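K.L.:
Structure file entry-v1.cif, mmCIF, C-alpha atoms and all ligand atoms, is pasted below:
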data_entry
#
loop_
_atom_site.group_PDB
_atom_site.id
_atom_site.type_symbol
_atom_site.label_atom_id
_atom_site.label_comp_id
_atom_site.auth_asym_id
_atom_site.auth_seq_id
_atom_site.Cartn_x
_atom_site.Cartn_y
_atom_site.Cartn_z
ATOM 1 C CA MET A 1 -21.187 -24.948 15.386
ATOM 2 C CA ALA A 2 -21.090 -28.359 13.764
ATOM 3 C CA GLU A 3 -17.977 -30.166 12.627
ATOM 4 C CA HIS A 4 -17.400 -32.695 9.888
ATOM 5 C CA VAL A 5 -14.228 -34.659 9.227
ATOM 6 C CA LEU A 6 -13.063 -35.312 5.682
ATOM 7 C CA GLN A 7 -11.334 -38.691 6.040
ATOM 8 C CA GLY A 8 -7.957 -38.988 4.376
ATOM 9 C CA ASP A 9 -4.274 -38.278 4.738
ATOM 10 C CA PRO A 10 -4.482 -36.152 6.789
ATOM 11 C CA ASP A 11 -8.032 -36.029 8.158
ATOM 12 C CA ILE A 12 -9.403 -32.530 7.783
ATOM 13 C CA ALA A 13 -11.937 -31.046 10.208
ATOM 14 C CA VAL A 14 -14.431 -28.658 8.627
ATOM 15 C CA THR A 15 -16.300 -26.337 11.002
ATOM 16 C CA LEU A 16 -19.741 -25.196 9.931
ATOM 17 C CA ARG A 17 -20.699 -21.676 10.858
ATOM 18 C CA ARG A 18 -24.154 -20.232 10.284
ATOM 19 C CA ASN A 19 -24.509 -16.697 9.033
ATOM 20 C CA ALA A 20 -27.981 -15.183 8.538
ATOM 21 C CA ARG A 21 -26.570 -12.703 6.025
ATOM 22 C CA ALA A 22 -24.731 -15.277 3.908
ATOM 23 C CA ARG A 23 -26.189 -15.693 0.416
ATOM 24 C CA ARG A 24 -24.256 -18.809 -0.458
ATOM 25 C CA MET A 25 -21.803 -21.277 1.042
ATOM 26 C CA THR A 26 -18.186 -20.200 1.322
ATOM 27 C CA LEU A 27 -15.085 -22.080 2.400
ATOM 28 C CA ARG A 28 -12.211 -20.365 4.143
ATOM 29 C CA ILE A 29 -8.800 -21.744 5.100
ATOM 30 C CA SER A 30 -6.994 -19.833 7.826
ATOM 31 C CA GLN A 31 -3.455 -18.903 6.810
ATOM 32 C CA LEU A 32 -2.607 -18.808 10.501
ATOM 33 C CA ASP A 33 -3.497 -22.339 11.593
ATOM 34 C CA GLY A 34 -5.003 -24.092 8.548
ATOM 35 C CA ARG A 35 -8.450 -24.294 10.122
ATOM 36 C CA VAL A 36 -11.185 -24.896 7.549
ATOM 37 C CA THR A 37 -14.456 -23.002 8.065
ATOM 38 C CA LEU A 38 -17.584 -23.411 5.993
ATOM 39 C CA THR A 39 -20.053 -20.542 6.238
ATOM 40 C CA ALA A 40 -23.609 -21.282 5.177
ATOM 41 C CA PRO A 41 -26.940 -19.435 5.125
ATOM 42 C CA PRO A 42 -29.615 -20.784 7.512
ATOM 43 C CA SER A 43 -31.640 -22.162 4.580
ATOM 44 C CA VAL A 44 -28.997 -24.776 3.797
ATOM 45 C CA SER A 45 -29.218 -28.001 5.825
ATOM 46 C CA THR A 46 -26.181 -29.294 7.710
ATOM 47 C CA ARG A 47 -26.206 -32.357 5.463
ATOM 48 C CA GLU A 48 -26.184 -30.236 2.311
ATOM 49 C CA ALA A 49 -23.465 -28.002 3.724
ATOM 50 C CA PHE A 50 -21.106 -30.879 4.480
ATOM 51 C CA GLY A 51 -21.933 -32.397 1.077
ATOM 52 C CA PHE A 52 -20.618 -29.161 -0.404
ATOM 53 C CA ALA A 53 -17.434 -29.460 1.682
ATOM 54 C CA ARG A 54 -16.924 -33.033 0.414
ATOM 55 C CA GLU A 55 -17.342 -31.842 -3.168
ATOM 56 C CA LYS A 56 -14.674 -29.183 -2.560
ATOM 57 C CA GLU A 57 -12.294 -31.603 -0.858
ATOM 58 C CA PRO A 58 -9.674 -31.546 -3.685
ATOM 59 C CA TRP A 59 -9.608 -27.741 -3.520
ATOM 60 C CA ILE A 60 -9.278 -27.806 0.292
ATOM 61 C CA ARG A 61 -6.432 -30.350 0.163
ATOM 62 C CA SER A 62 -4.497 -28.437 -2.502
ATOM 63 C CA HIS A 63 -4.800 -25.195 -0.522
ATOM 64 C CA LEU A 64 -3.694 -26.813 2.722
ATOM 65 C CA ALA A 65 -0.709 -28.407 0.965
ATOM 66 C CA ALA A 66 0.348 -25.027 -0.469
ATOM 67 C CA ARG A 67 0.294 -23.389 2.962
ATOM 68 C CA PRO A 68 3.796 -22.742 4.309
ATOM 69 C CA ASP A 69 4.742 -25.116 7.122
ATOM 70 C CA VAL A 70 5.000 -23.627 10.581
ATOM 71 C CA VAL A 71 8.569 -23.377 11.891
ATOM 72 C CA GLU A 72 8.911 -23.504 15.663
ATOM 73 C CA ILE A 73 12.008 -21.534 16.565
ATOM 74 C CA GLY A 74 14.466 -23.304 18.875
ATOM 75 C CA MET A 75 18.004 -24.673 18.852
ATOM 76 C CA GLY A 76 18.799 -26.030 15.388
ATOM 77 C CA SER A 77 15.932 -24.340 13.556
ATOM 78 C CA VAL A 78 16.628 -21.984 10.670
ATOM 79 C CA ILE A 79 15.238 -18.492 10.191
ATOM 80 C CA PRO A 80 16.028 -15.879 7.530
ATOM 81 C CA ILE A 81 17.478 -12.603 8.806
ATOM 82 C CA GLU A 82 17.562 -9.959 6.074
ATOM 83 C CA ALA A 83 16.848 -12.927 3.766
ATOM 84 C CA GLN A 84 19.991 -14.852 4.836
ATOM 85 C CA PRO A 85 19.234 -18.238 6.446
ATOM 86 C CA HIS A 86 20.587 -18.367 10.019
ATOM 87 C CA VAL A 87 20.678 -21.535 12.103
ATOM 88 C CA ILE A 88 19.923 -21.011 15.798
ATOM 89 C CA ALA A 89 22.993 -22.303 17.651
ATOM 90 C CA PRO A 90 24.000 -22.505 21.321
ATOM 91 C CA ALA A 91 26.731 -20.154 22.520
ATOM 92 C CA THR A 92 28.541 -18.971 25.625
ATOM 93 C CA GLY A 93 28.675 -15.402 26.832
ATOM 94 C CA ARG A 94 25.782 -13.008 27.238
ATOM 95 C CA ALA A 95 24.731 -11.370 23.995
ATOM 96 C CA ILE A 96 23.065 -12.920 20.965
ATOM 97 C CA ARG A 97 25.315 -12.712 17.911
ATOM 98 C CA ALA A 98 24.482 -13.095 14.216
ATOM 99 C CA THR A 99 27.390 -14.391 12.157
ATOM 100 C CA GLY A 100 25.746 -14.257 8.730
ATOM 101 C CA THR A 101 24.941 -17.979 8.769
ATOM 102 C CA ALA A 102 24.202 -18.637 12.455
ATOM 103 C CA LEU A 103 22.395 -16.863 15.238
ATOM 104 C CA GLU A 104 24.352 -17.734 18.381
ATOM 105 C CA VAL A 105 22.113 -17.699 21.425
ATOM 106 C CA PRO A 106 23.591 -18.108 24.918
ATOM 107 C CA GLY A 107 21.575 -19.285 27.895
ATOM 108 C CA ARG A 108 19.221 -22.174 28.524
ATOM 109 C CA PRO A 109 17.803 -23.674 25.295
ATOM 110 C CA GLU A 110 14.207 -23.231 26.486
ATOM 111 C CA THR A 111 14.733 -19.447 26.639
ATOM 112 C CA ALA A 112 16.012 -19.353 23.033
ATOM 113 C CA PRO A 113 12.662 -18.665 21.279
ATOM 114 C CA ARG A 114 11.959 -15.634 23.474
ATOM 115 C CA ARG A 115 15.517 -14.313 23.165
ATOM 116 C CA VAL A 116 15.562 -14.756 19.375
ATOM 117 C CA LEU A 117 12.260 -12.899 19.124
ATOM 118 C CA GLY A 118 13.639 -10.058 21.263
ATOM 119 C CA TYR A 119 16.752 -9.879 19.107
ATOM 120 C CA LEU A 120 14.752 -9.789 15.847
ATOM 121 C CA LYS A 121 12.384 -7.094 17.110
ATOM 122 C CA ALA A 122 15.286 -4.898 18.245
ATOM 123 C CA ARG A 123 17.148 -5.376 14.959
ATOM 124 C CA SER A 124 13.966 -4.673 13.020
ATOM 125 C CA ARG A 125 13.404 -1.457 14.965
ATOM 126 C CA ASP A 126 17.020 -0.329 14.308
ATOM 127 C CA ARG A 127 16.748 -0.872 10.565
ATOM 128 C CA LEU A 128 13.274 0.660 10.307
ATOM 129 C CA VAL A 129 14.219 3.763 12.301
ATOM 130 C CA ALA A 130 17.314 4.257 10.106
ATOM 131 C CA ALA A 131 15.264 3.807 6.911
ATOM 132 C CA CYS A 132 12.411 6.066 8.080
ATOM 133 C CA ASP A 133 14.859 8.801 9.138
ATOM 134 C CA HIS A 134 16.489 8.601 5.717
ATOM 135 C CA TYR A 135 13.227 8.807 3.737
ATOM 136 C CA ALA A 136 11.627 11.409 6.022
ATOM 137 C CA GLY A 137 14.730 13.547 5.402
ATOM 138 C CA ARG A 138 14.282 13.203 1.646
ATOM 139 C CA LEU A 139 10.570 13.955 1.926
ATOM 140 C CA GLY A 140 11.177 16.947 4.192
ATOM 141 C CA LEU A 141 8.549 15.883 6.733
ATOM 142 C CA ALA A 142 8.964 14.386 10.209
ATOM 143 C CA TYR A 143 7.096 11.428 11.689
ATOM 144 C CA SER A 144 6.001 11.519 15.306
ATOM 145 C CA GLY A 145 6.962 7.988 16.352
ATOM 146 C CA ILE A 146 7.512 4.391 15.317
ATOM 147 C CA SER A 147 6.005 1.273 16.796
ATOM 148 C CA ILE A 148 6.911 -2.301 15.953
ATOM 149 C CA ARG A 149 4.173 -4.938 16.174
ATOM 150 C CA ASP A 150 3.322 -8.393 14.901
ATOM 151 C CA THR A 151 0.536 -7.628 12.480
ATOM 152 C CA ARG A 152 -0.843 -10.097 9.984
ATOM 153 C CA SER A 153 -2.959 -7.899 7.783
ATOM 154 C CA ARG A 154 -0.423 -5.208 6.860
ATOM 155 C CA TRP A 155 3.324 -4.611 6.807
ATOM 156 C CA GLY A 156 3.066 -1.033 7.909
ATOM 157 C CA SER A 157 0.752 1.900 8.471
ATOM 158 C CA CYS A 158 0.849 5.644 8.998
ATOM 159 C CA SER A 159 -1.670 7.434 11.221
ATOM 160 C CA SER A 160 -2.990 10.935 10.558
ATOM 161 C CA ALA A 161 -0.927 12.017 13.579
ATOM 162 C CA GLY A 162 2.222 10.907 11.751
ATOM 163 C CA ARG A 163 2.783 7.758 13.768
ATOM 164 C CA LEU A 164 4.341 4.897 11.823
ATOM 165 C CA MET A 165 3.723 1.232 12.589
ATOM 166 C CA PHE A 166 5.554 -1.753 11.126
ATOM 167 C CA SER A 167 5.578 -5.511 11.382
ATOM 168 C CA TRP A 168 8.831 -6.646 13.004
ATOM 169 C CA ARG A 169 8.824 -9.577 10.540
ATOM 170 C CA LEU A 170 10.127 -7.242 7.822
ATOM 171 C CA ILE A 171 13.615 -7.972 9.262
ATOM 172 C CA LEU A 172 13.240 -11.491 7.824
ATOM 173 C CA ALA A 173 12.748 -10.093 4.287
ATOM 174 C CA PRO A 174 15.455 -8.773 1.933
ATOM 175 C CA PRO A 175 16.712 -5.365 3.211
ATOM 176 C CA GLU A 176 15.402 -3.595 0.100
ATOM 177 C CA VAL A 177 11.888 -4.825 0.918
ATOM 178 C CA LEU A 178 12.087 -3.413 4.466
ATOM 179 C CA ARG A 179 13.371 -0.109 3.040
ATOM 180 C CA TYR A 180 10.546 0.049 0.495
ATOM 181 C CA VAL A 181 7.889 -0.467 3.205
ATOM 182 C CA ALA A 182 9.554 2.285 5.274
ATOM 183 C CA ALA A 183 9.530 4.652 2.267
ATOM 184 C CA HIS A 184 5.903 3.764 1.532
ATOM 185 C CA GLU A 185 4.702 4.626 5.040
ATOM 186 C CA VAL A 186 6.857 7.772 5.201
ATOM 187 C CA ALA A 187 5.358 8.933 1.866
ATOM 188 C CA HIS A 188 1.932 8.768 3.558
ATOM 189 C CA LEU A 189 3.078 11.708 5.715
ATOM 190 C CA ALA A 190 2.662 13.778 2.530
ATOM 191 C CA GLN A 191 -0.256 11.876 0.956
ATOM 192 C CA MET A 192 -2.733 9.941 3.105
ATOM 193 C CA ASN A 193 -3.958 7.895 0.140
ATOM 194 C CA HIS A 194 -2.723 5.719 -2.715
ATOM 195 C CA SER A 195 -3.240 8.323 -5.431
ATOM 196 C CA PRO A 196 -0.809 8.833 -8.340
ATOM 197 C CA ALA A 197 0.609 11.772 -6.318
ATOM 198 C CA PHE A 198 1.380 9.342 -3.468
ATOM 199 C CA TRP A 199 3.190 6.881 -5.760
ATOM 200 C CA ALA A 200 5.119 9.797 -7.273
ATOM 201 C CA GLU A 201 6.388 10.638 -3.763
ATOM 202 C CA VAL A 202 7.396 7.009 -3.196
ATOM 203 C CA THR A 203 9.339 7.050 -6.477
ATOM 204 C CA ARG A 204 10.941 10.396 -5.648
ATOM 205 C CA ILE A 205 12.226 9.404 -2.203
ATOM 206 C CA HIS A 206 12.836 5.699 -2.878
ATOM 207 C CA GLY A 207 13.067 4.933 -6.611
ATOM 208 C CA PRO A 208 11.400 2.007 -8.398
ATOM 209 C CA TYR A 209 9.422 -0.298 -6.133
ATOM 210 C CA ASP A 210 7.669 -2.903 -8.326
ATOM 211 C CA GLY A 211 10.074 -5.707 -7.419
ATOM 212 C CA MET A 212 9.614 -5.129 -3.678
ATOM 213 C CA ARG A 213 5.828 -5.064 -3.935
ATOM 214 C CA ARG A 214 5.931 -8.268 -5.953
ATOM 215 C CA TRP A 215 8.184 -9.906 -3.345
ATOM 216 C CA LEU A 216 5.727 -9.029 -0.572
ATOM 217 C CA ARG A 217 2.816 -10.422 -2.574
ATOM 218 C CA THR A 218 4.475 -13.732 -3.405
ATOM 219 C CA GLU A 219 6.815 -14.330 -0.438
ATOM 220 C CA GLY A 220 5.455 -12.124 2.319
ATOM 221 C CA ASN A 221 2.991 -14.611 3.701
ATOM 222 C CA ALA A 222 5.769 -17.133 4.417
ATOM 223 C CA LEU A 223 7.300 -14.689 6.939
ATOM 224 C CA HIS A 224 4.378 -15.529 9.247
ATOM 225 C CA ARG A 225 5.351 -19.195 9.514
ATOM 226 C CA TYR A 226 7.940 -18.627 12.275
ATOM 227 C CA ARG A 227 6.651 -19.186 15.817
ATOM 228 C CA PHE A 228 8.378 -18.426 19.073
ATOM 229 C CA GLY A 229 6.737 -20.760 21.543
ATOM 230 C CA ASP A 230 3.659 -18.625 22.216
HETATM 231 ZN ZN ZN B 1 -0.103 2.699 1.854
#
In structure tokens, what does this structure look like?
Ligand SMILES: [Zn+2]
P.N.:
Amino acid sequence: MAEHVLQGDPDIAVTLRRNARARRMTLRISQLDGRVTLTAPPSVSTREAFGFAREKEPWIRSHLAARPDVVEIGMGSVIPIEAQPHVIAPATGRAIRATGTALEVPGRPETAPRRVLGYLKARSRDRLVAACDHYAGRLGLAYSGISIRDTRSRWGSCSSAGRLMFSWRLILAPPEVLRYVAAHEVAHLAQMNHSPAFWAEVTRIHGPYDGMRRWLRTEGNALHRYRFGD
């Protein structure tokens, strides 16, 4: 793999990757870490490939600038919980406590990221279990289990065995968005597809959902900006 640096403010490293099946050159910017990868067919010379990257420099810079900044969670940082900004603050005692504007975290500051993450995952699980129980009751079908993960590609899924999976980061979103994702996955217990019959089930057990889907499309990606020291 070759690398080329586009000089500027900031310098941008472009990694060249060869792909025998590629028909043309493509640029990709990782949403995770902002890494820029240029994929090129073997027939294109390295010089030509990096010439292409230089031509696309304005596009690369505008996309990098639009990427949400990473927020490292620690004392003093701010994270949304059910869409309400909470500042991470030191506290005495044992348990983490959310006040509505602050998340009070006792213990040594260096343990705060891990403790905040644990708190958010537990709270996410609570809310998702409550929502899934509610919608499964309305649907009249039971799920076999719930797991909470940190997935980037999807907010939830439903296996053919009736096992539901969700991203814990839904706890950062407005509560109605978390409830919609729960209803969506529960509705898959009845319809393992996205047919009109599936969407009719979602509407029946949940009600209108356009606003929540739109929120996930426009704001969802920003929920991945929070890091917890790992
Ligand atoms: Zn689905």
K.L.:
As a list in words, please: every protein or nucleic acid residue near ligand ZN 1 (chain B) (cut-off 7 Å, counting all atoms listed in the file).
P.N.:
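Listing the residues within 7 Å of ligand ZN 1 (chain B) gives Ser157, His184, Glu185, His188, Asn193 and His194 of chain A.
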K.L.:
I'd like the contact shell of region 15-18 of chain A - 6 Å cut-off, only C-alpha atoms, skipping same-chain residues fewer than 3 positions apart - returned as a VMD selection string.
P.N.:
chain A and resid 1 to 3 37 to 41
K.L.:
Name every residue that the PyMOL selection byres (((chain A and resi 139) around 10) and not hetatm) selects in this structure, writing the answer as a PyMOL selection string with chains first and numbers rising.
P.N.:
chain A and resi 133-138+140-142+183+186-187+189-190+201-202+204-206
K.L.:
Atoms to include: C-alpha atoms. Write the selected residues as an mmCIF file, in the coordinates of the input.
P.N.:
data_model
loop_
_atom_site.group_PDB
_atom_site.id
_atom_site.type_symbol
_atom_site.label_atom_id
_atom_site.label_comp_id
_atom_site.auth_asym_id
_atom_site.auth_seq_id
_atom_site.Cartn_x
_atom_site.Cartn_y
_atom_site.Cartn_z
ATOM 1 C CA ASP A 133 14.859 8.801 9.138
ATOM 2 C CA HIS A 134 16.489 8.601 5.717
ATOM 3 C CA TYR A 135 13.227 8.807 3.737
ATOM 4 C CA ALA A 136 11.627 11.409 6.022
ATOM 5 C CA GLY A 137 14.730 13.547 5.402
ATOM 6 C CA ARG A 138 14.282 13.203 1.646
ATOM 7 C CA GLY A 140 11.177 16.947 4.192
ATOM 8 C CA LEU A 141 8.549 15.883 6.733
ATOM 9 C CA ALA A 142 8.964 14.386 10.209
ATOM 10 C CA ALA A 183 9.530 4.652 2.267
ATOM 11 C CA VAL A 186 6.857 7.772 5.201
ATOM 12 C CA ALA A 187 5.358 8.933 1.866
ATOM 13 C CA LEU A 189 3.078 11.708 5.715
ATOM 14 C CA ALA A 190 2.662 13.778 2.530
ATOM 15 C CA GLU A 201 6.388 10.638 -3.763
ATOM 16 C CA VAL A 202 7.396 7.009 -3.196
ATOM 17 C CA ARG A 204 10.941 10.396 -5.648
ATOM 18 C CA ILE A 205 12.226 9.404 -2.203
ATOM 19 C CA HIS A 206 12.836 5.699 -2.878
#
K.L.:
Using the chain letters and numbers from this file, what does the PyMOL selection byres (((chain A and resi 113) around 12) and not hetatm) select? Give the answer as a PyMOL selection string.
P.N.:
chain A and resi 71-79+88-90+96+103+105-112+114-120+226-230
K.L.:
Within 10 Å of region 23-32 of chain A, which residues of region 45-153 of chain A show up? Give each one with its shortest atom-to-atom distance in Å (one decimal) and the two atoms involved, counting all atoms listed in the file, rows by chain then rising residue number, as a Markdown table.
P.N.:
| residue | atom | partner | partner_atom | distance |
| --- | --- | --- | --- | --- |
| A:Ala49 | CA | A:Met25 | CA | 7.4 |
| A:Phe52 | CA | A:Met25 | CA | 8.1 |
| A:Ala53 | CA | A:Leu27 | CA | 7.8 |
| A:Lys56 | CA | A:Leu27 | CA | 8.7 |
| A:Trp59 | CA | A:Leu27 | CA | 9.9 |
| A:Ile60 | CA | A:Ile29 | CA | 7.8 |
| A:His63 | CA | A:Ile29 | CA | 7.7 |
| A:Leu64 | CA | A:Ile29 | CA | 7.6 |
| A:Arg67 | CA | A:Gln31 | CA | 7.0 |
| A:Pro68 | CA | A:Gln31 | CA | 8.6 |
| A:Val70 | CA | A:Leu32 | CA | 9.0 |
| A:Arg152 | CA | A:Leu32 | CA | 8.9 |
K.L.:
Tell me, as a ChimeraX atom specification, which residues lie within 10 Å of Gly211 (chain A), counting only C-alpha atoms; anything in the same chain fewer than 5 positions away does not count.
P.N.:
/A:176-177,180,216-217
K.L.:
Please indicate the distance in Å from CA of Glu55 (chain A) to CA of Asn19 (chain A), rounded to one decimal place.
P.N.:
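Interatomic distance, CA of Glu55 (chain A) to CA of Asn19 (chain A): 20.7 Å.
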K.L.:
Mind checking which residues fall within 7 Å of His4 (chain A), counting only C-alpha atoms, ignoring those fewer than 5 positions away in the same chain, and posting them as a list in words?
P.N.:
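Near His4 (chain A), the qualifying residues are Ala13, Val14, Thr15 and Phe50 of chain A.
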K.L.:
Do you have the CA of Cys132 (chain A)-CA of Ala161 (chain A) distance handy?
P.N.:
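Those two atoms sit 15.6 Å apart.
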K.L.:
When you count only C-alpha atoms, which of these residues is closest to Arg35 (chain A): A:Asp150, A:Val5, A:Glu82, A:Ala22?
P.N.:
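For Arg35 (chain A), the nearest of the candidates is A:Val5.
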K.L.:
Rounded to one decimal in Å, what is the spacing between CA of Ala98 (chain A) and CA of Arg125 (chain A)?
P.N.:
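Atom-to-atom, CA of Ala98 (chain A) and CA of Arg125 (chain A) are spaced 16.1 Å apart.
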K.L.:
Name the residues that the PyMOL selection byres (((chain A and resi 81) around 10) and not hetatm) picks from the file above, as a PyMOL selection string, using the file's chain letters and numbers.
P.N.:
chain A and resi 78-80+82-86+98+100-103+120+123-124+169-175
K.L.:
Please determine, counting all atoms listed in the file, which residue among A:Thr218, A:Ser160, A:Ser43, A:Ser167 has the shortest atom-to-atom distance to Leu128 (chain A).
P.N.:
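Answer, going by the shortest atom-to-atom distance: A:Ser167.
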K.L.:
Point out the residue among A:Ile146, A:Thr151, A:Asp210, A:Thr92 with the least atom-to-atom distance to Met165 (chain A), counting all atoms listed in the file.
P.N.:
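Among the listed residues, A:Ile146 lies closest to Met165 (chain A).
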K.L.:
Select, from A:Ser153, A:Ser62, A:Ser147, A:Ser159, the residue with the minimum atom-to-atom distance to Met192 (chain A), counting all atoms listed in the file.
P.N.:
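Going through A:Ser153, A:Ser62, A:Ser147, A:Ser159 one by one, the smallest distance to Met192 (chain A) is for A:Ser159.
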K.L.:
When you count all atoms listed in the file, which of these residues is closest to Asp126 (chain A): A:Arg163, A:Gly51, A:Leu178, A:Met212?
P.N.:
A:Leu178
K.L.:
If I only have part of region 86-105 of chain A, can you fill in N, CA and C atoms and write it as a compact mmCIF listing (two decimals), in the coordinates of the input?
P.N.:
# COMPACT_ATOMS: atom_id res chain seq x y z
N HIS A 86 19.75 -18.27 8.81
CA HIS A 86 20.59 -18.37 10.02
C HIS A 86 20.11 -19.56 10.84
N VAL A 87 21.04 -20.42 11.23
CA VAL A 87 20.68 -21.54 12.10
C VAL A 87 20.85 -21.07 13.55
N ILE A 88 19.86 -21.40 14.39
CA ILE A 88 19.92 -21.01 15.80
C ILE A 88 20.88 -21.98 16.50
N ALA A 89 21.95 -21.46 17.08
CA ALA A 89 22.99 -22.30 17.65
C ALA A 89 23.28 -21.88 19.09
N PRO A 90 23.66 -22.86 19.95
CA PRO A 90 24.00 -22.50 21.32
C PRO A 90 25.32 -21.72 21.36
N ALA A 91 25.50 -20.95 22.41
CA ALA A 91 26.73 -20.15 22.52
C ALA A 91 27.00 -19.87 23.99
N THR A 92 28.22 -19.43 24.27
CA THR A 92 28.54 -18.97 25.62
C THR A 92 28.51 -17.45 25.60
N GLY A 93 28.69 -16.86 26.76
CA GLY A 93 28.68 -15.40 26.83
C GLY A 93 27.29 -14.89 27.15
N ARG A 94 27.04 -13.63 26.85
CA ARG A 94 25.78 -13.01 27.24
C ARG A 94 24.90 -12.60 26.06
N ALA A 95 25.53 -11.98 25.06
CA ALA A 95 24.73 -11.37 24.00
C ALA A 95 24.49 -12.35 22.84
N ILE A 96 23.35 -12.19 22.20
CA ILE A 96 23.06 -12.92 20.96
C ILE A 96 23.93 -12.32 19.86
N ARG A 97 24.44 -13.20 18.97
CA ARG A 97 25.32 -12.71 17.91
C ARG A 97 24.92 -13.37 16.59
N ALA A 98 24.76 -12.57 15.55
CA ALA A 98 24.48 -13.10 14.22
C ALA A 98 25.78 -13.11 13.43
N THR A 99 26.12 -14.27 12.88
CA THR A 99 27.39 -14.39 12.16
C THR A 99 27.21 -14.26 10.65
N GLY A 100 25.99 -14.24 10.18
CA GLY A 100 25.75 -14.26 8.73
C GLY A 100 25.17 -15.60 8.30
N THR A 101 25.52 -16.66 9.05
CA THR A 101 24.94 -17.98 8.77
C THR A 101 24.33 -18.60 10.02
N ALA A 102 24.73 -18.10 11.20
CA ALA A 102 24.20 -18.64 12.46
C ALA A 102 23.77 -17.49 13.36
N LEU A 103 22.77 -17.79 14.18
CA LEU A 103 22.40 -16.86 15.24
C LEU A 103 22.76 -17.57 16.54
N GLU A 104 23.82 -17.09 17.19
CA GLU A 104 24.35 -17.73 18.38
C GLU A 104 23.64 -17.18 19.60
N VAL A 105 22.98 -18.10 20.31
CA VAL A 105 22.11 -17.70 21.42
C VAL A 105 22.60 -18.34 22.72
